[in-house]
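Novice: File entry23.cif follows (mmCIF, C-alpha atoms):
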```cif
data_work
loop_
_atom_site.group_PDB
_atom_site.id
_atom_site.type_symbol
_atom_site.label_atom_id
_atom_site.label_comp_id
_atom_site.auth_asym_id
_atom_site.auth_seq_id
_atom_site.Cartn_x
_atom_site.Cartn_y
_atom_site.Cartn_z
ATOM 1 C CA MET A 122 100.062 99.254 106.061
ATOM 2 C CA SER A 123 98.145 96.105 105.237
ATOM 3 C CA VAL A 124 99.513 92.656 106.015
ATOM 4 C CA SER A 125 99.779 91.949 102.283
ATOM 5 C CA GLU A 126 101.931 95.086 101.817
ATOM 6 C CA ARG A 127 104.184 94.595 104.858
ATOM 7 C CA PHE A 128 106.831 92.637 102.973
ATOM 8 C CA LYS A 129 106.782 94.622 99.734
ATOM 9 C CA ILE A 130 108.473 97.730 98.485
ATOM 10 C CA VAL A 131 105.738 99.672 96.739
ATOM 11 C CA ALA A 132 105.733 103.079 95.092
ATOM 12 C CA GLU A 133 104.065 105.353 97.605
ATOM 13 C CA PRO A 134 101.382 107.150 95.539
ATOM 14 C CA ALA A 135 102.128 110.732 96.613
ATOM 15 C CA TYR A 136 105.566 110.592 94.966
ATOM 16 C CA SER A 137 107.170 109.988 91.600
ATOM 17 C CA THR A 138 107.808 106.280 91.018
ATOM 18 C CA GLN A 139 111.434 105.950 92.137
ATOM 19 C CA ILE A 140 111.035 108.391 95.006
ATOM 20 C CA GLY A 141 107.918 106.469 96.040
ATOM 21 C CA HIS A 142 109.967 103.266 96.200
ATOM 22 C CA LEU A 143 112.651 105.044 98.208
ATOM 23 C CA VAL A 144 110.068 106.411 100.654
ATOM 24 C CA SER A 145 108.629 102.916 101.025
ATOM 25 C CA MET A 146 112.087 101.625 101.967
ATOM 26 C CA MET A 147 112.687 104.510 104.354
ATOM 27 C CA ASP A 148 109.338 103.845 106.032
ATOM 28 C CA ARG A 149 110.087 100.108 106.412
ATOM 29 C CA VAL A 150 113.444 100.840 108.032
ATOM 30 C CA ARG A 151 111.858 103.397 110.358
ATOM 31 C CA ALA A 152 109.106 100.978 111.375
ATOM 32 C CA ARG A 153 111.753 98.446 112.411
ATOM 33 C CA THR A 154 113.641 101.091 114.385
ATOM 34 C CA LEU A 155 110.482 102.146 116.216
ATOM 35 C CA GLU A 156 109.667 98.502 117.000
ATOM 36 C CA ALA A 157 113.177 98.028 118.413
ATOM 37 C CA VAL A 158 112.942 100.951 120.839
ATOM 38 C CA ALA A 159 109.268 100.713 121.832
ATOM 39 C CA GLY A 160 108.813 101.020 125.562
ATOM 40 C CA LEU A 161 112.417 101.836 126.459
ATOM 41 C CA THR A 162 112.905 103.858 129.613
ATOM 42 C CA THR A 163 115.141 106.894 129.930
ATOM 43 C CA ALA A 164 117.669 104.756 131.820
ATOM 44 C CA GLN A 165 117.701 102.228 128.990
ATOM 45 C CA LEU A 166 118.068 104.986 126.403
ATOM 46 C CA ASP A 167 121.011 106.459 128.346
ATOM 47 C CA HIS A 168 122.795 103.165 129.079
ATOM 48 C CA LEU A 169 126.397 102.926 127.907
ATOM 49 C CA GLN A 170 127.774 99.442 127.369
ATOM 50 C CA ASP A 171 131.319 100.700 127.957
ATOM 51 C CA ALA A 172 133.339 103.926 127.895
ATOM 52 C CA GLN A 173 133.500 103.949 124.082
ATOM 53 C CA SER A 174 129.905 103.058 123.216
ATOM 54 C CA ASN A 175 127.034 105.309 122.261
ATOM 55 C CA SER A 176 123.692 105.175 124.009
ATOM 56 C CA ILE A 177 120.501 104.209 122.222
ATOM 57 C CA GLY A 178 119.273 107.763 122.767
ATOM 58 C CA ALA A 179 122.390 109.166 121.100
ATOM 59 C CA LEU A 180 121.938 106.790 118.171
ATOM 60 C CA LEU A 181 118.326 107.887 117.745
ATOM 61 C CA ALA A 182 119.464 111.521 117.829
ATOM 62 C CA HIS A 183 122.152 110.616 115.277
ATOM 63 C CA ILE A 184 119.573 109.126 112.910
ATOM 64 C CA ALA A 185 117.587 112.378 113.030
ATOM 65 C CA ALA A 186 120.736 114.498 112.620
ATOM 66 C CA VAL A 187 121.914 112.548 109.561
ATOM 67 C CA GLU A 188 118.538 112.975 107.892
ATOM 68 C CA THR A 189 118.469 116.696 108.728
ATOM 69 C CA LEU A 190 121.952 117.324 107.343
ATOM 70 C CA HIS A 191 121.286 115.281 104.208
ATOM 71 C CA ALA A 192 118.105 117.284 103.664
ATOM 72 C CA ILE A 193 120.042 120.539 103.804
ATOM 73 C CA GLY A 194 122.609 119.217 101.334
ATOM 74 C CA SER A 195 120.185 117.727 98.839
ATOM 75 C CA PHE A 196 117.079 119.912 99.029
ATOM 76 C CA GLU A 197 118.881 123.199 99.527
ATOM 77 C CA ALA A 198 122.132 122.318 97.702
ATOM 78 C CA ARG A 199 124.274 123.829 100.400
ATOM 79 C CA LEU A 200 126.319 123.027 103.459
ATOM 80 C CA PRO A 201 124.740 123.612 106.855
ATOM 81 C CA THR A 202 125.451 126.964 108.465
ATOM 82 C CA PRO A 203 127.807 126.886 111.449
ATOM 83 C CA GLU A 204 124.767 127.351 113.698
ATOM 84 C CA GLU A 205 122.850 124.490 112.067
ATOM 85 C CA PHE A 206 125.828 122.175 112.350
ATOM 86 C CA ALA A 207 126.558 123.185 115.945
ATOM 87 C CA ALA A 208 123.000 122.271 116.952
ATOM 88 C CA LEU A 209 123.483 118.780 115.473
ATOM 89 C CA ALA A 210 127.215 118.203 115.964
ATOM 90 C CA ALA A 211 127.098 115.965 119.045
ATOM 91 C CA ALA A 212 124.363 113.781 117.582
ATOM 92 C CA TYR A 213 125.972 113.658 114.154
ATOM 93 C CA SER A 214 129.493 112.898 115.379
ATOM 94 C CA LEU A 215 128.557 110.719 118.371
ATOM 95 C CA GLY A 216 131.430 109.758 120.709
ATOM 96 C CA ASP A 217 132.477 111.881 123.678
ATOM 97 C CA ALA A 218 130.276 114.863 122.819
ATOM 98 C CA ALA A 219 127.180 112.671 122.530
ATOM 99 C CA ARG A 220 127.988 110.799 125.750
ATOM 100 C CA ALA A 221 128.305 114.125 127.567
ATOM 101 C CA THR A 222 125.210 115.854 126.224
ATOM 102 C CA ILE A 223 122.646 113.394 124.863
ATOM 103 C CA LYS A 224 121.009 111.929 127.928
ATOM 104 C CA GLY A 225 118.166 112.334 130.348
ATOM 105 C CA GLN A 226 115.414 112.439 127.735
ATOM 106 C CA PRO A 227 112.398 110.133 127.518
ATOM 107 C CA LEU A 228 111.724 108.061 124.419
ATOM 108 C CA GLU A 229 109.078 110.551 123.257
ATOM 109 C CA HIS A 230 111.782 113.211 122.866
ATOM 110 C CA TYR A 231 113.632 111.099 120.300
ATOM 111 C CA LEU A 232 110.476 109.864 118.595
ATOM 112 C CA GLU A 233 109.272 113.443 118.104
ATOM 113 C CA ALA A 234 112.607 114.436 116.553
ATOM 114 C CA LEU A 235 112.530 111.438 114.217
ATOM 115 C CA ALA A 236 108.914 112.109 113.218
ATOM 116 C CA HIS A 237 109.534 115.824 112.679
ATOM 117 C CA VAL A 238 112.493 115.369 110.356
ATOM 118 C CA ARG A 239 110.794 112.543 108.442
ATOM 119 C CA GLU A 240 107.630 114.601 107.934
ATOM 120 C CA ALA A 241 109.738 117.447 106.536
ATOM 121 C CA THR A 242 111.707 115.036 104.326
ATOM 122 C CA LYS A 243 108.598 113.451 102.894
ATOM 123 C CA ALA A 244 107.021 116.844 102.193
ATOM 124 C CA ARG A 245 110.128 117.929 100.278
ATOM 125 C CA LEU A 246 110.371 114.597 98.417
ATOM 126 C CA ARG A 247 106.769 115.031 97.200
ATOM 127 C CA GLU A 248 107.998 118.090 95.283
ATOM 128 C CA LYS A 249 110.819 116.209 93.526
ATOM 129 C CA SER A 250 110.950 114.111 90.369
ATOM 130 C CA ASP A 251 112.792 110.906 89.623
ATOM 131 C CA ALA A 252 115.184 112.949 87.465
ATOM 132 C CA TRP A 253 116.131 114.919 90.610
ATOM 133 C CA LEU A 254 117.405 111.695 92.171
ATOM 134 C CA LEU A 255 120.142 111.554 89.521
ATOM 135 C CA GLU A 256 121.311 115.147 89.932
ATOM 136 C CA GLU A 257 124.929 115.201 91.083
ATOM 137 C CA ARG A 258 126.542 117.316 93.728
ATOM 138 C CA ALA A 259 129.623 117.550 95.888
ATOM 139 C CA TYR A 260 129.798 115.175 98.832
ATOM 140 C CA VAL A 261 132.136 114.532 101.725
ATOM 141 C CA GLY A 262 135.865 114.573 101.096
ATOM 142 C CA GLY A 263 135.521 116.138 97.660
ATOM 143 C CA ALA A 264 133.637 113.140 96.256
ATOM 144 C CA ARG A 265 130.702 113.463 93.887
ATOM 145 C CA THR A 266 127.339 111.900 94.651
ATOM 146 C CA ASN A 267 123.759 112.090 93.509
ATOM 147 C CA ASN A 268 120.529 112.636 95.414
ATOM 148 C CA HIS A 269 119.602 108.975 95.073
ATOM 149 C CA TYR A 270 122.699 107.932 97.000
ATOM 150 C CA ILE A 271 122.106 110.595 99.622
ATOM 151 C CA TRP A 272 118.571 109.327 100.258
ATOM 152 C CA PHE A 273 119.683 105.681 100.085
ATOM 153 C CA HIS A 274 122.304 106.486 102.723
ATOM 154 C CA VAL A 275 119.729 107.840 105.185
ATOM 155 C CA PRO A 276 118.008 104.462 105.790
ATOM 156 C CA GLU A 277 121.325 102.650 105.306
ATOM 157 C CA ASP A 278 122.829 104.634 108.187
ATOM 158 C CA GLU A 279 119.711 104.082 110.299
ATOM 159 C CA THR A 280 119.894 100.329 109.732
ATOM 160 C CA ASN A 281 123.596 100.298 110.525
ATOM 161 C CA HIS A 282 123.120 102.044 113.862
ATOM 162 C CA ARG A 283 120.032 100.097 114.803
#
```
Could you spell out this file's structure in C-alpha coordinates?
Specialist:
Amino acid sequence: MSVSERFKIVAEPAYSTQIGHLVSMMDRVRARTLEAVAGLTTAQLDHLQDAQSNSIGALLAHIAAVETLHAIGSFEARLPTPEEFAALAAAYSLGDAARATIKGQPLEHYLEALAHVREATKARLREKSDAWLLEERAYVGGARTNNHYIWFHVPEDETNHR
(Lines of atoms letter the chains of each structure in order from A and count residues from 1; the text may use other names and numbers.)
(Lines give C-alpha, C1' and ligand atoms only; values in the text may rest on other atoms or scores of the structure.)
Protein backbone atom coordinates (compact mmCIF):
# COMPACT_ATOMS: atom_id res chain seq x y z
CA MET A 1 0.00 0.00 0.00
CA SER A 2 1.47 3.33 -1.00
CA VAL A 3 1.72 6.23 1.43
CA SER A 4 -0.81 8.16 -0.66
CA GLU A 5 -3.31 5.27 -0.35
CA ARG A 6 -2.80 4.58 3.37
CA PHE A 7 -5.55 6.93 4.51
CA LYS A 8 -8.08 6.18 1.78
CA ILE A 9 -10.76 3.61 1.26
CA VAL A 10 -10.37 2.52 -2.34
CA ALA A 11 -12.16 -0.11 -4.38
CA GLU A 12 -9.76 -3.02 -4.51
CA PRO A 13 -9.58 -3.86 -8.25
CA ALA A 14 -10.14 -7.63 -8.02
CA TYR A 15 -13.67 -7.10 -6.68
CA SER A 16 -16.94 -5.46 -7.62
CA THR A 17 -17.02 -1.81 -6.53
CA GLN A 18 -18.81 -2.07 -3.17
CA ILE A 19 -17.11 -5.32 -2.23
CA GLY A 20 -13.79 -3.72 -3.18
CA HIS A 21 -14.50 -0.87 -0.75
CA LEU A 22 -15.45 -3.36 1.95
CA VAL A 23 -12.25 -5.35 1.39
CA SER A 24 -10.25 -2.13 1.61
CA MET A 25 -11.83 -1.42 5.00
CA MET A 26 -11.27 -4.97 6.19
CA ASP A 27 -7.61 -4.76 5.15
CA ARG A 28 -7.13 -1.42 6.97
CA VAL A 29 -8.60 -2.83 10.17
CA ARG A 30 -6.44 -5.95 9.90
CA ALA A 31 -3.29 -3.89 9.33
CA ARG A 32 -3.98 -2.00 12.56
CA THR A 33 -4.56 -5.25 14.45
CA LEU A 34 -1.29 -6.71 13.17
CA GLU A 35 0.56 -3.52 14.13
CA ALA A 36 -0.91 -3.74 17.64
CA VAL A 37 0.27 -7.30 18.27
CA ALA A 38 3.61 -7.24 16.44
CA GLY A 39 6.36 -8.78 18.50
CA LEU A 40 4.21 -10.03 21.38
CA THR A 41 5.55 -13.04 23.24
CA THR A 42 3.53 -16.10 24.16
CA ALA A 43 3.42 -14.87 27.77
CA GLN A 44 2.03 -11.53 26.62
CA LEU A 45 -0.52 -13.25 24.39
CA ASP A 46 -1.64 -15.44 27.32
CA HIS A 47 -1.75 -12.69 29.96
CA LEU A 48 -5.07 -12.25 31.76
CA GLN A 49 -5.69 -8.86 33.33
CA ASP A 50 -8.10 -10.42 35.84
CA ALA A 51 -10.25 -13.52 36.30
CA GLN A 52 -12.92 -12.24 33.88
CA SER A 53 -10.73 -10.93 31.06
CA ASN A 54 -9.78 -12.58 27.80
CA SER A 55 -6.19 -12.88 26.67
CA ILE A 56 -4.89 -11.21 23.54
CA GLY A 57 -4.38 -14.67 22.05
CA ALA A 58 -8.02 -15.56 22.73
CA LEU A 59 -9.16 -12.31 21.14
CA LEU A 60 -7.08 -13.01 18.03
CA ALA A 61 -8.59 -16.51 17.87
CA HIS A 62 -12.03 -14.91 18.30
CA ILE A 63 -11.45 -12.58 15.36
CA ALA A 64 -10.62 -15.57 13.15
CA ALA A 65 -13.58 -17.57 14.48
CA VAL A 66 -16.06 -14.75 13.81
CA GLU A 67 -14.84 -14.41 10.24
CA THR A 68 -15.00 -18.19 9.71
CA LEU A 69 -18.55 -18.47 11.04
CA HIS A 70 -19.74 -15.45 9.07
CA ALA A 71 -18.24 -16.98 5.94
CA ILE A 72 -20.20 -20.18 6.47
CA GLY A 73 -23.42 -18.22 6.99
CA SER A 74 -23.04 -15.85 4.07
CA PHE A 75 -21.13 -17.81 1.42
CA GLU A 76 -22.77 -21.15 2.09
CA ALA A 77 -26.13 -19.86 3.39
CA ARG A 78 -26.18 -22.31 6.25
CA LEU A 79 -25.44 -22.71 9.92
CA PRO A 80 -22.17 -24.34 10.90
CA THR A 81 -22.30 -28.08 11.53
CA PRO A 82 -21.98 -29.14 15.17
CA GLU A 83 -18.40 -30.20 14.41
CA GLU A 84 -17.52 -26.86 12.79
CA PHE A 85 -18.99 -24.94 15.70
CA ALA A 86 -17.33 -27.15 18.30
CA ALA A 87 -13.92 -26.46 16.75
CA LEU A 88 -14.53 -22.71 17.08
CA ALA A 89 -16.76 -22.52 20.16
CA ALA A 90 -14.16 -21.47 22.75
CA ALA A 91 -12.72 -18.78 20.48
CA TYR A 92 -16.14 -17.57 19.37
CA SER A 93 -17.69 -17.45 22.84
CA LEU A 94 -14.57 -16.39 24.78
CA GLY A 95 -14.88 -16.43 28.59
CA ASP A 96 -14.09 -19.50 30.69
CA ALA A 97 -13.69 -21.89 27.76
CA ALA A 98 -11.22 -19.58 26.03
CA ARG A 99 -9.26 -18.97 29.24
CA ALA A 100 -8.97 -22.73 29.74
CA THR A 101 -8.00 -23.74 26.21
CA ILE A 102 -6.56 -20.83 24.22
CA LYS A 103 -3.05 -20.43 25.51
CA GLY A 104 0.52 -21.50 25.02
CA GLN A 105 0.73 -20.57 21.35
CA PRO A 106 3.22 -18.18 19.75
CA LEU A 107 2.06 -15.14 17.81
CA GLU A 108 2.67 -16.94 14.50
CA HIS A 109 -0.07 -19.44 15.39
CA TYR A 110 -2.67 -16.67 15.56
CA LEU A 111 -1.29 -14.77 12.58
CA GLU A 112 -1.49 -17.90 10.42
CA ALA A 113 -5.12 -18.46 11.44
CA LEU A 114 -6.01 -14.85 10.68
CA ALA A 115 -4.22 -14.95 7.31
CA HIS A 116 -5.79 -18.28 6.35
CA VAL A 117 -9.36 -17.21 7.00
CA ARG A 118 -8.84 -13.81 5.34
CA GLU A 119 -7.33 -15.41 2.23
CA ALA A 120 -10.36 -17.71 1.97
CA THR A 121 -12.75 -14.79 2.55
CA LYS A 122 -11.15 -12.65 -0.12
CA ALA A 123 -11.19 -15.52 -2.62
CA ARG A 124 -14.91 -16.03 -2.03
CA LEU A 125 -15.64 -12.28 -2.17
CA ARG A 126 -13.96 -12.09 -5.60
CA GLU A 127 -16.75 -14.36 -6.87
CA LYS A 128 -19.55 -12.14 -5.54
CA SER A 129 -21.32 -9.09 -6.95
CA ASP A 130 -22.48 -5.92 -5.27
CA ALA A 131 -26.05 -7.22 -5.61
CA TRP A 132 -25.04 -10.19 -3.41
CA LEU A 133 -24.25 -7.76 -0.60
CA LEU A 134 -27.94 -6.86 -0.41
CA GLU A 135 -29.25 -10.43 -0.32
CA GLU A 136 -31.08 -11.05 2.94
CA ARG A 137 -30.91 -14.02 5.22
CA ALA A 138 -31.73 -15.14 8.73
CA TYR A 139 -29.40 -13.93 11.47
CA VAL A 140 -29.02 -14.43 15.19
CA GLY A 141 -32.12 -14.44 17.35
CA GLY A 142 -34.48 -14.71 14.40
CA ALA A 143 -33.45 -11.33 13.00
CA ARG A 144 -32.99 -10.67 9.30
CA THR A 145 -29.75 -9.30 7.90
CA ASN A 146 -27.99 -8.91 4.60
CA ASN A 147 -24.52 -9.91 3.46
CA HIS A 148 -23.33 -6.32 3.61
CA TYR A 149 -24.05 -6.15 7.33
CA ILE A 150 -22.42 -9.52 7.91
CA TRP A 151 -19.20 -8.38 6.23
CA PHE A 152 -19.37 -4.95 7.90
CA HIS A 153 -19.65 -6.74 11.25
CA VAL A 154 -16.44 -8.73 10.71
CA PRO A 155 -14.11 -5.68 10.85
CA GLU A 156 -16.44 -3.98 13.35
CA ASP A 157 -16.00 -6.91 15.75
CA GLU A 158 -12.25 -6.96 15.13
CA THR A 159 -11.99 -3.25 15.93
CA ASN A 160 -14.10 -3.68 19.04
CA HIS A 161 -11.90 -6.44 20.43
CA ARG A 162 -8.66 -4.78 19.45
Novice: Excluding Asp251 (chain A) and residues on its chain fewer than 2 positions from it, collect all residues at most 7 Å away from it, counting only C-alpha atoms, and give them as a list of chain:residue names.
Specialist: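 Listing them by chain and then by number gives A:Ser137, A:Thr138, A:Gln139, A:Ile140, A:Lys249, A:Trp253, A:Leu254.
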Novice: Quick one: contact table of region 153-225 of chain A to region 258-279 of chain A, 12 Å max, nearest atom pair and distance in Å to one decimal per residue, counting all atoms listed in the file, chain and number order, as a tab-separated table?
Specialist:
```
residue	atom	partner	partner_atom	distance
A:Arg153	CA	A:Glu279	CA	10.0
A:Thr154	CA	A:Glu279	CA	7.9
A:Leu155	CA	A:Glu279	CA	11.1
A:Ile177	CA	A:Glu279	CA	11.9
A:Leu180	CA	A:Glu279	CA	8.6
A:Leu181	CA	A:Glu279	CA	8.5
A:Ala182	CA	A:Glu279	CA	10.6
A:His183	CA	A:Glu279	CA	8.6
A:Ile184	CA	A:Glu279	CA	5.7
A:Ala185	CA	A:Glu279	CA	9.0
A:Ala186	CA	A:Val275	CA	10.0
A:Val187	CA	A:Val275	CA	6.8
A:Glu188	CA	A:Val275	CA	5.9
A:Thr189	CA	A:Val275	CA	9.6
A:Leu190	CA	A:Val275	CA	10.0
A:His191	CA	A:Ile271	CA	6.6
A:Ala192	CA	A:Trp272	CA	8.7
A:Ile193	CA	A:Ile271	CA	11.0
A:Gly194	CA	A:Tyr260	CA	8.6
A:Ser195	CA	A:Asn268	CA	6.1
A:Phe196	CA	A:Asn268	CA	8.8
A:Glu197	CA	A:Arg258	CA	11.3
A:Ala198	CA	A:Arg258	CA	7.8
A:Arg199	CA	A:Ala259	CA	9.4
A:Leu200	CA	A:Tyr260	CA	9.8
A:Tyr213	CA	A:Asp278	CA	11.3
```
Novice: Using Å and a single decimal, report how far CA of Val144 (chain A) sits from CA of Thr162 (chain A).
Specialist: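 Computing it gives 29.2 Å between the two atoms.
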Novice: Please provide as JSON, numbers by chain all residues within 9 Å of Leu161 (chain A), with the sequence filter that same-chain residues fewer than 5 positions apart are discarded (counting only C-alpha atoms).
Specialist: {"A": [166, 227, 228]}
Novice: Just to be explicit: take each residue in the selection above, keep C-alpha atoms, and write the result as a PDB file, in the coordinates of the input.
Specialist:
```pdb
ATOM      1  CA  LEU A 166     118.068 104.986 126.403  1.00  0.00           C
ATOM      2  CA  PRO A 227     112.398 110.133 127.518  1.00  0.00           C
ATOM      3  CA  LEU A 228     111.724 108.061 124.419  1.00  0.00           C
TER       4      LEU A 228
END
```
Novice: I'd like to know which of A:Glu233, A:Ala179, A:Met146, A:Arg245 is closest to Leu209 (chain A), using all atoms listed in the file.
Specialist: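 Counting all atoms listed in the file, the residue closest to Leu209 (chain A) is A:Ala179.
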Novice: May I have the residues within 10 Å of His142 (chain A) as a PyMOL selection string, using only C-alpha atoms and disregarding those fewer than 4 positions away in the same chain?
Specialist: chain A and resi 129-134+136-138+146-148
Novice: Report, in Å to a single decimal, how far apart CA of Asp171 (chain A) and CA of Asp217 (chain A) are.
Specialist: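 These atoms are spaced 12.0 Å apart.
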Novice: Which residue out of A:Val150, A:Ala135, A:Leu169, A:Ala210 has the minimum interatomic distance to Glu248 (chain A) when only C-alpha atoms are used?
Specialist: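 Closest to Glu248 (chain A), using only C-alpha atoms: A:Ala135.
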Novice: Out of A:Ser176, A:Ser145, A:Asn281, A:Thr163, which residue has the shortest atom-to-atom distance to Leu215 (chain A) when counting all atoms listed in the file?
Specialist: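 Closest candidate: A:Ser176.
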Novice: Report the centre and edge lengths, in Å to one decimal, of an axis-aligned box enclosing every atom of region 133-151 of chain A listed in the file, padded by 8 Å on each side, as JSON.
Specialist:
```
{"center_x": 107.4, "center_y": 105.4, "center_z": 100.7, "size_x": 28.1, "size_y": 26.6, "size_z": 35.3}
```
Novice: Could you work out how far CA of Arg151 (chain A) lies from CA of Lys243 (chain A), giving the answer in Å with one decimal?
Specialist: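 Taking CA of Lys243 (chain A) as the start and CA of Arg151 (chain A) as the end point, the length is 12.9 Å.
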Novice: Could you tell me which of A:Glu204, A:Gly141, A:Glu156, A:Leu246 comes closest to Leu232 (chain A) if we count all atoms listed in the file?
Specialist: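 Using all atoms listed in the file, the shortest distance to Leu232 (chain A) belongs to A:Glu156.
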